[in-house]
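In what follows, a structure is listed as C-alpha cells, so that the remarks can point back to it.
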Amino acid sequence: EEVIAFWELGYAPDLGEALTVHLQRAGFSLAECRTLFLTDQDQSGGYFDRFRGRLMFPIRDEKGDLVAFGGRIMGDGHPKYINSGDTPLFKKSKILYGLHRAKDNIAKTSRAVLVEGYLDVIACHRAGVKQAVASLGTAFTEEHAKLLHRWCEEVVVLYDADEAGEKAAVKANDILTAEGLRTRIALMPKGEDPDTLLRNEGPNAVIQAVDSGM
C-alpha cells in the first residue's frame with residue numbers, strides 16, 4: 001500500500017467509457033481531453049477512454065507536475081504498455097519517469113541510474129537505489145542525456161539482461177558519452193531485470209548490480 005500511494009498507482013477499468021463519462025460530468029471538453037490523450041473518438045464521432053483495463057502510472061516532470069500517463073495491460077494482450085502520445089504538456093523525448101522523486105538523490109551523489117521501465121524504477125527505489133529513472137517506451141535521446149547532465153556527472157545504465165537490453169544499453173551509453181557524462185553499464189544475471197531481481201534475490205542484489213557496473 002505504501003508503494004502504491006508513493007507512486008500514485010491506479011487502475012483504468014475495462015469499461016470503455018468510464019473516464020469519458022466522468023470527465024464529461026465534471027464539465028471538461030472531451031475534444032480537449034482527446035488532445036491530452038485521455039479520450040479518443042470512433043468513426044461515428046463518439047468518445048471513449050484511451051486507457052482501458054490497465055494498471056496506471058502517472059507521469060510527472062522533474063518539477064512534479066502531472067503531464068501524462070502510462071498504462072500496463074492486466075493479463076495477456078498487446079500492446080503491453082501504452083503511454084500518452086505527445087501533447088501540449090508532454091514530449092516523451094524530454095521526460096524521464098521518476099526524476100521528480102530521484103533528482104535530489106541524483107544531485108547528492110552526482111550519479112543517476114537509468115533503467116528501462118516504470119516497474120524497474122519502482123523496484124530500484126524500493127531496493128534503496130533512489131537515483132533510478134527511465135525513459136518512456138522510447139529510445140533514449142539526446143534530450144534525455146542533456147536533462148540528466150543538469151543533475152549529475154555519471155550515469156549507470158541498468159537495462160534488462162537480454163539481447164535487446166544489451167543493444168539498447170550500448171546505444172544509451174554512446175548518447176550519454178557524447179553529452180560528456182561518465183557512464184557505466186551494470187550487469188545483471190541473464191534474463192533478469194531490476195523488478196525480477198528484487199523479487200527473486202532481494203534488495204542487495206539490485207544494489208550489487210548497480211555497483212558492479214563497468
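Residues in the C-alpha cells are named by chain (A, B, ... in the order shown) and by number from 1 within that chain; ligands are numbered from 1 in the order shown.
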Exercise. DSSP says alpha helix (DSSP H) for which residues of range 24-202 of chain A? Put them as number ranges by chain?
Worked result: A: 24-25, 30-35, 99-109, 118-127, 142-149, 163-178, 194-201
Just the selected residues (C-alpha atoms), exported as a JSON list (two decimals), in the first residue's frame, please.
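Output file out01.json follows:
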[["chain", "number", "residue", "atom", "x", "y", "z"],
["A", 24, "GLN", "CA", -17.94, 14.98, -19.24],
["A", 25, "ARG", "CA", -19.94, 15.14, -15.99],
["A", 30, "LEU", "CA", -13.96, 15.82, -24.50],
["A", 31, "ALA", "CA", -12.25, 17.28, -27.56],
["A", 32, "GLU", "CA", -9.66, 18.87, -25.27],
["A", 33, "CYS", "CA", -9.32, 15.60, -23.38],
["A", 34, "ARG", "CA", -8.61, 13.90, -26.71],
["A", 35, "THR", "CA", -5.77, 16.37, -27.31],
["A", 99, "LEU", "CA", 13.02, 12.13, -11.98],
["A", 100, "HIS", "CA", 10.87, 14.20, -9.62],
["A", 101, "ARG", "CA", 11.45, 11.50, -6.97],
["A", 102, "ALA", "CA", 15.11, 10.84, -7.82],
["A", 103, "LYS", "CA", 16.58, 14.27, -8.59],
["A", 104, "ASP", "CA", 17.66, 15.16, -5.04],
["A", 105, "ASN", "CA", 19.49, 11.84, -4.63],
["A", 106, "ILE", "CA", 20.96, 12.17, -8.12],
["A", 107, "ALA", "CA", 22.27, 15.65, -7.30],
["A", 108, "LYS", "CA", 23.58, 14.49, -3.90],
["A", 109, "THR", "CA", 25.59, 11.60, -5.39],
["A", 118, "TYR", "CA", 8.16, 2.03, -14.68],
["A", 119, "LEU", "CA", 8.36, -1.14, -12.59],
["A", 120, "ASP", "CA", 12.15, -1.14, -12.80],
["A", 121, "VAL", "CA", 12.27, 2.41, -11.42],
["A", 122, "ILE", "CA", 9.92, 1.45, -8.59],
["A", 123, "ALA", "CA", 11.92, -1.73, -7.85],
["A", 124, "CYS", "CA", 15.19, 0.21, -7.67],
["A", 125, "HIS", "CA", 13.75, 2.78, -5.29],
["A", 126, "ARG", "CA", 12.30, 0.00, -3.12],
["A", 127, "ALA", "CA", 15.77, -1.60, -3.04],
["A", 142, "GLU", "CA", 19.98, 13.37, -26.62],
["A", 143, "GLU", "CA", 17.34, 15.43, -24.80],
["A", 144, "HIS", "CA", 17.22, 12.81, -22.04],
["A", 145, "ALA", "CA", 21.01, 12.94, -21.74],
["A", 146, "LYS", "CA", 21.00, 16.72, -21.51],
["A", 147, "LEU", "CA", 18.32, 16.55, -18.81],
["A", 148, "LEU", "CA", 20.41, 14.13, -16.74],
["A", 149, "HIS", "CA", 23.53, 16.25, -17.19],
["A", 163, "GLU", "CA", 19.89, -9.19, -26.17],
["A", 164, "ALA", "CA", 17.54, -6.25, -26.73],
["A", 165, "GLY", "CA", 18.53, -4.71, -23.38],
["A", 166, "GLU", "CA", 22.22, -5.06, -24.12],
["A", 167, "LYS", "CA", 21.87, -3.36, -27.52],
["A", 168, "ALA", "CA", 19.81, -0.54, -26.00],
["A", 169, "ALA", "CA", 22.38, -0.12, -23.22],
["A", 170, "VAL", "CA", 25.21, 0.31, -25.72],
["A", 171, "LYS", "CA", 23.21, 2.90, -27.65],
["A", 172, "ALA", "CA", 22.30, 4.82, -24.47],
["A", 173, "ASN", "CA", 25.94, 4.66, -23.42],
["A", 174, "ASP", "CA", 27.02, 6.28, -26.70],
["A", 175, "ILE", "CA", 24.47, 9.10, -26.32],
["A", 176, "LEU", "CA", 25.46, 9.76, -22.71],
["A", 177, "THR", "CA", 29.17, 9.78, -23.53],
["A", 178, "ALA", "CA", 28.59, 12.22, -26.39],
["A", 194, "PRO", "CA", 15.58, -4.89, -11.66],
["A", 195, "ASP", "CA", 11.99, -5.84, -10.82],
["A", 196, "THR", "CA", 12.53, -9.61, -11.10],
["A", 197, "LEU", "CA", 15.94, -9.34, -9.40],
["A", 198, "LEU", "CA", 14.38, -7.62, -6.39],
["A", 199, "ARG", "CA", 11.63, -10.23, -6.13],
["A", 200, "ASN", "CA", 13.93, -13.21, -6.66],
["A", 201, "GLU", "CA", 17.06, -12.20, -4.74]]
For range 75-80 of chain A, find every residue with an atom within 12 Å (counting only C-alpha atoms), except residues of its own chain fewer than 4 positions away, and show them as a short mmCIF file (atom, residue, chain, number, x, y, z; two decimals) with N, CA, C and O atoms, in the first residue's frame.
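This is the output file result32.cif:
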data_model
loop_
_atom_site.label_atom_id
_atom_site.label_comp_id
_atom_site.auth_asym_id
_atom_site.auth_seq_id
_atom_site.Cartn_x
_atom_site.Cartn_y
_atom_site.Cartn_z
N PHE A 51 -7.27 4.66 -22.14
CA PHE A 51 -6.70 3.62 -21.27
C PHE A 51 -7.84 2.77 -20.72
O PHE A 51 -8.74 3.29 -20.05
N ARG A 52 -7.77 1.47 -20.98
CA ARG A 52 -8.82 0.56 -20.52
C ARG A 52 -8.20 -0.74 -20.04
O ARG A 52 -7.37 -1.33 -20.73
N GLY A 53 -8.61 -1.19 -18.85
CA GLY A 53 -8.12 -2.45 -18.31
C GLY A 53 -6.62 -2.45 -18.05
O GLY A 53 -5.95 -3.46 -18.28
N ARG A 54 -6.10 -1.30 -17.55
CA ARG A 54 -4.66 -1.17 -17.37
C ARG A 54 -4.28 -0.64 -16.00
O ARG A 54 -4.99 0.18 -15.43
N LEU A 55 -3.16 -1.15 -15.49
CA LEU A 55 -2.52 -0.56 -14.33
C LEU A 55 -1.94 0.79 -14.76
O LEU A 55 -1.25 0.87 -15.77
N GLY A 70 0.98 6.46 -18.17
CA GLY A 70 1.34 5.20 -18.81
C GLY A 70 0.42 4.12 -18.29
O GLY A 70 -0.02 4.17 -17.14
N GLY A 71 0.12 3.13 -19.13
CA GLY A 71 -0.77 2.05 -18.71
C GLY A 71 -0.23 0.69 -19.11
O GLY A 71 0.14 0.48 -20.27
N GLY A 117 11.99 0.73 -17.52
CA GLY A 117 10.56 0.97 -17.42
C GLY A 117 10.09 1.36 -16.03
O GLY A 117 10.88 1.45 -15.08
N GLY A 137 9.17 4.28 -22.92
CA GLY A 137 8.77 3.50 -24.07
C GLY A 137 9.37 3.98 -25.38
O GLY A 137 8.93 3.61 -26.45
#
For this session: Go through range 119-157 of chain A and collect every residue that DSSP, computed from the backbone, puts in strand (DSSP E); the answer should be as a PyMOL selection string.
Result: chain A and resi 132-134+154-157
Exercise. Suppose you want the space between CA of Ser93 in chain A and CA of Trp151 in chain A; what is it in Å?
Worked result: 17.3 Å
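Within 9 Å of range 37-41 of chain A, once only C-alpha atoms are used and residues closer than 5 positions along the same chain are dropped, the contacting residues are A:Glu17, A:Leu19, A:Thr20, A:Leu30, A:Ala31, A:Glu32, A:Gly46, A:Tyr47, A:Phe48, A:Asp49, A:Arg50, A:Phe51, A:Ala68, A:Phe69, A:Asn83, A:Ser84, A:Gly85, A:Asp86, A:Thr87.
The space between CA of Lys63 in chain A and CA of Ile95 in chain A spans 10.9 Å.
By only C-alpha atoms, and with residues fewer than 6 positions from Val156 in chain A along its chain excluded, the set lying at most 9 Å from it is Arg111, Ala112, Val113, Leu114, Val115, Asn173, Arg182, Thr183, Arg184, Ile185, Ala186, Val210, Asp211, Gly213 and Met214 of chain A.
Computed from the coordinates, the CA of Leu23 in chain A to CA of Tyr81 in chain A distance equals 23.1 Å.
The smallest atom-to-atom distance between Gly128 in chain A and any of A:Leu36, A:Ala12, A:Ile207, A:Phe28, using only C-alpha atoms, is found for A:Ile207.
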Exercise. Contacts of Lys190 in chain A at 10 Å or less, counting only C-alpha atoms, minus same-chain residues fewer than 3 places along, as a ChimeraX atom specification?
Worked result: /A:160-163,187,193
Write the residues you've just listed into a file as a PDB file, in the first residue's frame, and include all heavy atoms for each of them.
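See result_1.pdb below for the written result:
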ATOM      1  N   ASP A 160      17.682  -4.390 -19.047  1.00  0.00           N
ATOM      2  CA  ASP A 160      17.395  -5.817 -18.928  1.00  0.00           C
ATOM      3  C   ASP A 160      18.551  -6.654 -19.473  1.00  0.00           C
ATOM      4  O   ASP A 160      19.179  -6.293 -20.477  1.00  0.00           O
ATOM      5  CB  ASP A 160      16.115  -6.174 -19.699  1.00  0.00           C
ATOM      6  CG  ASP A 160      14.880  -5.529 -19.087  1.00  0.00           C
ATOM      7  OD1 ASP A 160      15.015  -4.797 -18.096  1.00  0.00           O
ATOM      8  OD2 ASP A 160      13.781  -5.753 -19.626  1.00  0.00           O
ATOM      9  N   ALA A 161      18.796  -7.785 -18.794  1.00  0.00           N
ATOM     10  CA  ALA A 161      19.895  -8.662 -19.181  1.00  0.00           C
ATOM     11  C   ALA A 161      19.453  -9.629 -20.285  1.00  0.00           C
ATOM     12  O   ALA A 161      19.427 -10.844 -20.107  1.00  0.00           O
ATOM     13  CB  ALA A 161      20.415  -9.420 -17.964  1.00  0.00           C
ATOM     14  N   ASP A 162      19.068  -9.057 -21.433  1.00  0.00           N
ATOM     15  CA  ASP A 162      18.756  -9.856 -22.610  1.00  0.00           C
ATOM     16  C   ASP A 162      19.358  -9.145 -23.816  1.00  0.00           C
ATOM     17  O   ASP A 162      19.950  -8.067 -23.696  1.00  0.00           O
ATOM     18  CB  ASP A 162      17.246 -10.063 -22.780  1.00  0.00           C
ATOM     19  CG  ASP A 162      16.461  -8.746 -22.802  1.00  0.00           C
ATOM     20  OD1 ASP A 162      17.034  -7.705 -23.183  1.00  0.00           O
ATOM     21  OD2 ASP A 162      15.269  -8.760 -22.447  1.00  0.00           O
ATOM     22  N   GLU A 163      19.230  -9.745 -24.985  1.00  0.00           N
ATOM     23  CA  GLU A 163      19.894  -9.190 -26.171  1.00  0.00           C
ATOM     24  C   GLU A 163      19.402  -7.788 -26.489  1.00  0.00           C
ATOM     25  O   GLU A 163      20.198  -6.882 -26.781  1.00  0.00           O
ATOM     26  CB  GLU A 163      19.650 -10.114 -27.375  1.00  0.00           C
ATOM     27  CG  GLU A 163      20.431  -9.693 -28.614  1.00  0.00           C
ATOM     28  CD  GLU A 163      20.257 -10.664 -29.773  1.00  0.00           C
ATOM     29  OE1 GLU A 163      19.698 -11.759 -29.564  1.00  0.00           O
ATOM     30  OE2 GLU A 163      20.688 -10.317 -30.895  1.00  0.00           O
ATOM     31  N   LEU A 187      25.687  -4.909 -14.754  1.00  0.00           N
ATOM     32  CA  LEU A 187      25.467  -6.282 -15.196  1.00  0.00           C
ATOM     33  C   LEU A 187      24.532  -7.013 -14.235  1.00  0.00           C
ATOM     34  O   LEU A 187      24.719  -6.971 -13.025  1.00  0.00           O
ATOM     35  CB  LEU A 187      26.808  -7.025 -15.255  1.00  0.00           C
ATOM     36  CG  LEU A 187      27.886  -6.369 -16.132  1.00  0.00           C
ATOM     37  CD1 LEU A 187      29.203  -7.110 -15.980  1.00  0.00           C
ATOM     38  CD2 LEU A 187      27.438  -6.330 -17.586  1.00  0.00           C
ATOM     39  N   ASP A 193      15.657  -8.494 -14.819  1.00  0.00           N
ATOM     40  CA  ASP A 193      15.559  -7.040 -14.835  1.00  0.00           C
ATOM     41  C   ASP A 193      15.479  -6.598 -13.370  1.00  0.00           C
ATOM     42  O   ASP A 193      15.378  -7.452 -12.481  1.00  0.00           O
ATOM     43  CB  ASP A 193      14.367  -6.558 -15.663  1.00  0.00           C
ATOM     44  CG  ASP A 193      13.035  -7.094 -15.165  1.00  0.00           C
ATOM     45  OD1 ASP A 193      12.809  -7.092 -13.930  1.00  0.00           O
ATOM     46  OD2 ASP A 193      12.194  -7.495 -15.988  1.00  0.00           O
TER      47      ASP A 193
END
